[in-house]
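A.B. asks: Next comes the structure file my_file04.txt, holding compact mmCIF, C-alpha atoms.
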# COMPACT_ATOMS: atom_id res chain seq x y z
CA MET A 1 23.70 35.17 -21.87
CA SER A 2 23.81 36.71 -18.40
CA ILE A 3 20.54 37.80 -16.83
CA ALA A 4 19.73 41.14 -15.22
CA GLY A 5 18.61 39.44 -12.01
CA ASN A 6 16.38 36.73 -10.59
CA LEU A 7 12.82 37.66 -9.63
CA LEU A 8 10.12 35.89 -7.64
CA LEU A 9 6.61 36.82 -8.75
CA VAL A 10 4.03 36.00 -6.06
CA ASP A 11 0.40 36.26 -7.21
CA ASP A 12 -2.58 33.92 -7.29
CA GLU A 13 -4.16 35.49 -10.38
CA PRO A 14 -3.31 33.23 -13.37
CA GLN A 15 -3.73 36.09 -15.84
CA ILE A 16 -1.14 38.19 -13.99
CA LEU A 17 1.35 35.32 -14.04
CA ARG A 18 0.66 34.59 -17.72
CA SER A 19 1.14 38.19 -18.78
CA LEU A 20 3.98 39.27 -16.51
CA ARG A 21 6.29 36.29 -16.69
CA PRO A 22 7.04 36.52 -20.43
CA ALA A 23 7.35 40.33 -20.22
CA LEU A 24 9.86 40.10 -17.39
CA THR A 25 11.74 37.31 -19.13
CA ALA A 26 11.92 39.37 -22.31
CA ALA A 27 13.44 42.20 -20.25
CA GLY A 28 16.30 39.89 -19.29
CA TYR A 29 15.22 38.61 -15.87
CA GLY A 30 15.02 35.07 -14.61
CA VAL A 31 11.50 34.62 -13.24
CA ALA A 32 10.13 32.11 -10.73
CA THR A 33 6.50 32.19 -9.62
CA ALA A 34 4.48 31.27 -6.53
CA ASP A 35 0.71 31.46 -6.04
CA THR A 36 0.58 31.23 -2.22
CA GLY A 37 2.43 32.82 0.68
CA ALA A 38 3.67 29.44 1.89
CA ALA A 39 5.07 28.58 -1.55
CA ALA A 40 6.78 31.96 -1.72
CA LEU A 41 8.46 31.57 1.67
CA SER A 42 9.53 28.03 0.84
CA HIS A 43 11.07 29.19 -2.43
CA LEU A 44 12.84 32.14 -0.81
CA ALA A 45 14.30 29.94 1.91
CA GLY A 46 15.97 27.70 -0.67
CA GLU A 47 16.51 29.90 -3.73
CA PRO A 48 17.82 33.42 -3.12
CA CYS A 49 16.56 36.03 -5.57
CA ASP A 50 17.24 39.68 -6.31
CA VAL A 51 13.72 41.16 -6.12
CA VAL A 52 10.36 39.84 -4.84
CA ILE A 53 7.18 41.09 -6.54
CA LEU A 54 4.36 40.39 -4.11
CA ASP A 55 0.59 40.66 -4.31
CA LEU A 56 -0.96 41.30 -0.89
CA GLY A 57 -4.13 39.33 -1.58
CA LEU A 58 -2.97 35.72 -1.36
CA PRO A 59 -5.30 32.77 -0.72
CA ASP A 60 -3.52 31.22 2.26
CA MET A 61 -2.07 34.16 4.21
CA ASP A 62 -1.91 37.93 4.22
CA GLY A 63 0.85 39.30 2.02
CA LYS A 64 1.96 41.49 4.93
CA ALA A 65 2.66 38.31 6.93
CA VAL A 66 4.91 37.13 4.09
CA ILE A 67 6.82 40.42 4.30
CA ALA A 68 7.22 40.16 8.08
CA ARG A 69 8.42 36.55 7.90
CA PHE A 70 10.82 37.22 5.03
CA ARG A 71 12.29 40.27 6.76
CA GLU A 72 13.36 38.03 9.66
CA TRP A 73 16.25 36.80 7.55
CA SER A 74 16.56 38.82 4.32
CA GLU A 75 16.82 42.41 3.07
CA THR A 76 16.02 41.45 -0.54
CA PRO A 77 13.90 44.22 -2.11
CA ILE A 78 10.14 43.62 -2.09
CA ILE A 79 7.83 45.40 -4.52
CA VAL A 80 4.17 45.16 -3.53
CA LEU A 81 1.38 44.94 -6.10
CA SER A 82 -1.42 46.96 -4.56
CA ALA A 83 -5.01 47.86 -5.38
CA ARG A 84 -5.51 51.63 -5.49
CA ASP A 85 -8.23 51.58 -2.80
CA LEU A 86 -6.05 49.81 -0.22
CA GLU A 87 -3.88 52.74 0.89
CA ASP A 88 -3.80 51.64 4.54
CA GLU A 89 -2.70 48.15 3.49
CA LYS A 90 -0.01 49.64 1.30
CA ILE A 91 1.34 51.82 4.11
CA ALA A 92 1.30 48.86 6.53
CA ALA A 93 3.26 46.75 4.03
CA LEU A 94 5.89 49.49 3.66
CA ASP A 95 6.16 49.88 7.43
CA LEU A 96 6.78 46.12 7.71
CA GLY A 97 9.70 46.31 5.29
CA ALA A 98 8.42 46.39 1.71
CA ASP A 99 10.56 48.64 -0.47
CA ASP A 100 8.10 49.90 -3.04
CA PHE A 101 4.64 49.42 -4.52
CA VAL A 102 2.97 49.45 -7.91
CA ASN A 103 -0.73 50.18 -8.11
CA LYS A 104 -3.02 47.79 -9.96
CA PRO A 105 -3.72 48.11 -12.82
CA PHE A 106 -0.20 48.98 -13.91
CA ALA A 107 1.94 49.25 -17.02
CA VAL A 108 4.77 46.75 -17.40
CA GLY A 109 7.14 49.64 -18.14
CA GLU A 110 6.44 51.15 -14.74
CA LEU A 111 7.09 47.84 -12.99
CA LEU A 112 10.37 47.40 -14.86
CA ALA A 113 11.47 50.89 -13.81
CA ARG A 114 10.65 50.09 -10.16
CA ILE A 115 12.63 46.83 -10.41
CA ARG A 116 15.68 48.67 -11.76
CA ALA A 117 15.43 51.25 -8.97
CA ALA A 118 15.12 48.49 -6.36
CA LEU A 119 18.24 46.78 -7.71
CA ARG A 120 20.24 50.01 -7.67
CA GLY A 121 19.16 50.72 -4.10
CA ARG A 122 20.04 47.19 -3.04
CA ASP A 123 23.50 47.47 -4.58
CA LEU A 124 24.18 50.68 -2.69
CA ARG A 125 23.00 49.20 0.61
CA LEU A 126 25.02 46.01 0.16
CA ALA A 127 28.13 48.01 -0.66
CA GLY A 128 27.90 49.63 2.78
CA ARG A 129 29.21 52.88 1.38
CA ALA A 130 29.94 55.97 3.41
CA ARG A 131 28.01 58.12 0.96
CA PHE A 132 25.13 58.24 -1.49
CA ARG A 133 25.74 59.79 -4.89
CA SER A 134 23.49 60.34 -7.87
CA ALA A 135 23.71 62.66 -10.85
CA GLU A 136 22.50 65.66 -8.81
CA LEU A 137 22.89 64.86 -5.12
CA GLU A 138 25.66 63.56 -2.88
CA VAL A 139 25.22 62.78 0.82
CA ASN A 140 28.36 62.00 2.83
CA PHE A 141 27.25 60.01 5.88
CA ALA A 142 30.62 60.26 7.60
CA THR A 143 30.82 64.06 7.52
CA ARG A 144 27.04 64.72 7.59
CA ARG A 145 27.32 66.97 4.54
CA ALA A 146 25.22 67.21 1.41
CA TYR A 147 26.13 68.51 -2.05
CA VAL A 148 24.04 69.46 -5.06
CA GLN A 149 25.94 69.32 -8.34
CA GLY A 150 29.18 69.50 -6.38
CA GLU A 151 28.23 72.53 -4.27
CA GLU A 152 27.71 72.04 -0.54
CA VAL A 153 24.26 72.92 0.79
CA ARG A 154 23.76 73.85 4.43
CA LEU A 155 21.18 71.66 6.13
CA THR A 156 19.67 71.87 9.59
CA PRO A 157 20.12 68.75 11.74
CA ARG A 158 16.56 67.61 11.02
CA GLU A 159 16.87 68.31 7.31
CA TYR A 160 20.03 66.22 7.24
CA ASP A 161 18.44 63.38 9.23
CA LEU A 162 15.56 63.25 6.76
CA VAL A 163 17.69 63.25 3.63
CA ARG A 164 20.09 60.73 5.20
CA THR A 165 17.20 58.37 5.92
CA LEU A 166 16.01 58.58 2.33
CA ALA A 167 19.57 58.26 0.98
CA ARG A 168 20.08 55.07 3.00
CA HIS A 169 17.20 53.58 0.99
CA PRO A 170 17.56 55.08 -2.50
CA GLY A 171 14.60 54.45 -4.76
CA ARG A 172 12.61 53.02 -1.86
CA VAL A 173 9.41 54.51 -0.48
CA VAL A 174 9.88 55.62 3.13
CA THR A 175 6.61 56.21 4.97
CA HIS A 176 5.67 59.20 7.09
CA LYS A 177 5.82 56.96 10.17
CA GLN A 178 9.34 55.77 9.35
CA LEU A 179 10.56 59.30 8.69
CA ILE A 180 9.07 60.61 11.94
CA ALA A 181 10.85 57.84 13.88
CA ALA A 182 14.17 58.60 12.15
CA VAL A 183 14.03 62.39 12.50
CA TRP A 184 12.09 63.04 15.73
CA GLY A 185 12.53 59.68 17.49
CA PRO A 186 10.48 56.49 17.72
CA ASP A 187 8.28 57.78 20.54
CA ALA A 188 7.60 61.23 19.09
CA SER A 189 4.00 62.41 18.76
CA VAL A 190 4.51 64.28 15.52
CA ASP A 191 1.95 64.79 12.78
CA ALA A 192 2.79 63.98 9.15
CA GLN A 193 2.38 67.70 8.39
CA PHE A 194 5.73 68.29 10.11
CA VAL A 195 7.33 65.94 7.58
CA ARG A 196 5.69 67.81 4.70
CA VAL A 197 7.04 71.12 5.98
CA LEU A 198 10.55 69.67 6.34
CA VAL A 199 10.39 68.20 2.83
CA ALA A 200 9.31 71.58 1.44
CA GLN A 201 12.31 73.20 3.13
CA LEU A 202 14.65 70.56 1.74
CA ARG A 203 13.34 70.95 -1.78
CA GLN A 204 14.22 74.64 -1.68
CA LYS A 205 17.83 73.57 -1.11
CA LEU A 206 18.08 70.39 -3.21
CA GLU A 207 15.87 70.94 -6.23
CA GLU A 208 16.52 73.14 -9.25
CA ASN A 209 12.74 73.62 -9.47
CA PRO A 210 11.13 72.83 -6.09
CA SER A 211 7.62 72.88 -7.61
CA ALA A 212 8.61 70.08 -10.02
CA PRO A 213 10.95 67.92 -7.91
CA ARG A 214 13.30 65.41 -9.54
CA VAL A 215 15.33 64.36 -6.48
CA LEU A 216 12.95 64.16 -3.50
CA LEU A 217 9.75 62.58 -4.79
CA THR A 218 6.32 62.34 -3.15
CA GLU A 219 4.20 59.20 -2.91
CA PRO A 220 0.82 60.82 -2.10
CA GLY A 221 -0.67 59.71 1.21
CA VAL A 222 2.24 57.34 1.86
CA GLY A 223 5.61 59.05 2.17
CA TYR A 224 8.63 59.99 0.07
CA ARG A 225 11.42 58.48 -1.99
CA LEU A 226 14.81 59.69 -3.09
CA ALA A 227 15.41 59.13 -6.80
CA ALA A 228 18.01 56.37 -6.97
CA GLY A 229 19.72 57.91 -9.97
CA GLU A 230 22.82 56.37 -11.45
CA ASP A 231 25.62 55.67 -9.00
CA GLY A 232 28.56 57.85 -9.95
Would you write the structure of this file as structure tokens?

C.D. replies:
Amino acid sequence: MSIAGNLLLVDDEPQILRSLRPALTAAGYGVATADTGAAALSHLAGEPCDVVILDLGLPDMDGKAVIARFREWSETPIIVLSARDLEDEKIAALDLGADDFVNKPFAVGELLARIRAALRGRDLRLAGRARFRSAELEVNFATRRAYVQGEEVRLTPREYDLVRTLARHPGRVVTHKQLIAAVWGPDASVDAQFVRVLVAQLRQKLEENPSAPRVLLTEPGVGYRLAAGEDG
């Protein structure tokens, strides 16, 4: 039987490994485990996988260092397991190249949904396509045009730059810092409030109900994600 993908679960808590590994296996994934940062990097260097699930609190090195080292040679999606009270750590991990996070404690169903979104986003990036397309939104990178349910929507240059950045990383959390660099430039002194205003403008154009968004989603205190959807 074919598997849905190969995962590396990196955590030094035995109870997490004991509970998650069989749940992920039952969902159709091949699962390898590592309990230190060094073991994780060694495994990743020799055994490519489809998604890395990484706890930041490892005994031998900071999980953010693992992300930085791994990003030197791979774009494999990384989902961080994060404690709710470590928001700054979570943002730093995303800025270093993590794709998503799941707050501890978490439901297995939520983690499985994040894994599926990470895999869809990876497939789109690897395909190197000239457009992003989901059930509701299409962004054509070549023509710099966006469509909602087949109808073109007129975007300002900054609105387009923001939605393009999110569409390049579907399903992935993009931080305020990353969005500011992409839209206003890497040296811009722009407050996150400018991003919130731009997102509010975009939702008026992209969402059927801007007060209950389904396309452009907020990760409070962190940034935004574009729903990966199903590639059409």

A.B. asks: Counting only C-alpha atoms, which of A:Leu86, A:Leu81, A:Leu226, A:Val215 gets nearest to Thr165 in chain A?

C.D. replies: A:Leu226

A.B. asks: Using all atoms listed in the file, which of A:Arg203, A:Leu198, A:Arg133, A:Asp161 sits nearest Gly185 in chain A?

C.D. replies: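 Between A:Arg203, A:Leu198, A:Arg133, A:Asp161, the residue approaching Gly185 in chain A most closely is A:Asp161.
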
A.B. asks: Report as CSV the residues of range 38-98 of chain A within 8 Å of range 117-122 of chain A, each with its shortest atom pair and distance in Å (one decimal), using all atoms listed in the file, ordered by chain and increasing residue number.

C.D. replies:
residue,atom,partner,partner_atom,distance
A:Asp50,CA,A:Leu119,CA,7.3
A:Val51,CA,A:Leu119,CA,7.4
A:Thr76,CA,A:Arg122,CA,7.4
A:Pro77,CA,A:Ala118,CA,6.1

A.B. asks: Would you place a box with edges along x, y and z of the file around all atoms of range 89-95 of chain A listed there, add 8 Å to each of its six sides, and report the centre and edge lengths in Å to one decimal, as AutoDock Vina command-line options?

C.D. replies:
--center_x 1.7 --center_y 49.3 --center_z 4.4 --size_x 24.9 --size_y 21.1 --size_z 22.1

A.B. asks: How many Å separate CA of Gly221 in chain A from CA of Glu87 in chain A?

C.D. replies: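 Going from CA of Gly221 in chain A over to CA of Glu87 in chain A, I get 7.7 Å.
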
A.B. asks: Excluding same-chain residues fewer than 3 positions from range 16-26 of chain A, what lies within 10 Å of it counting all atoms listed in the file, as a list in words?

C.D. replies: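 After dropping sequence-adjacent residues, the list is Ile3, Ala4, Asn6, Leu7, Leu8, Leu9, Val10, Asp11, Asp12, Glu13, Tyr29, Gly30, Val31, Ala32, Thr33, Ala34, Asp35, Val108, Gly109, Leu111 and Leu112 of chain A.
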
A.B. asks: If you measure from CA of Thr156 in chain A to CA of Arg214 in chain A, what distance in Å do you get, rounded to one decimal?

C.D. replies: 21.2 Å

A.B. asks: Find the residue from A:Leu56, A:Ala92, A:Ala228, A:Val173 that sits nearest to Ala135 in chain A; use only C-alpha atoms when measuring.

C.D. replies: A:Ala228
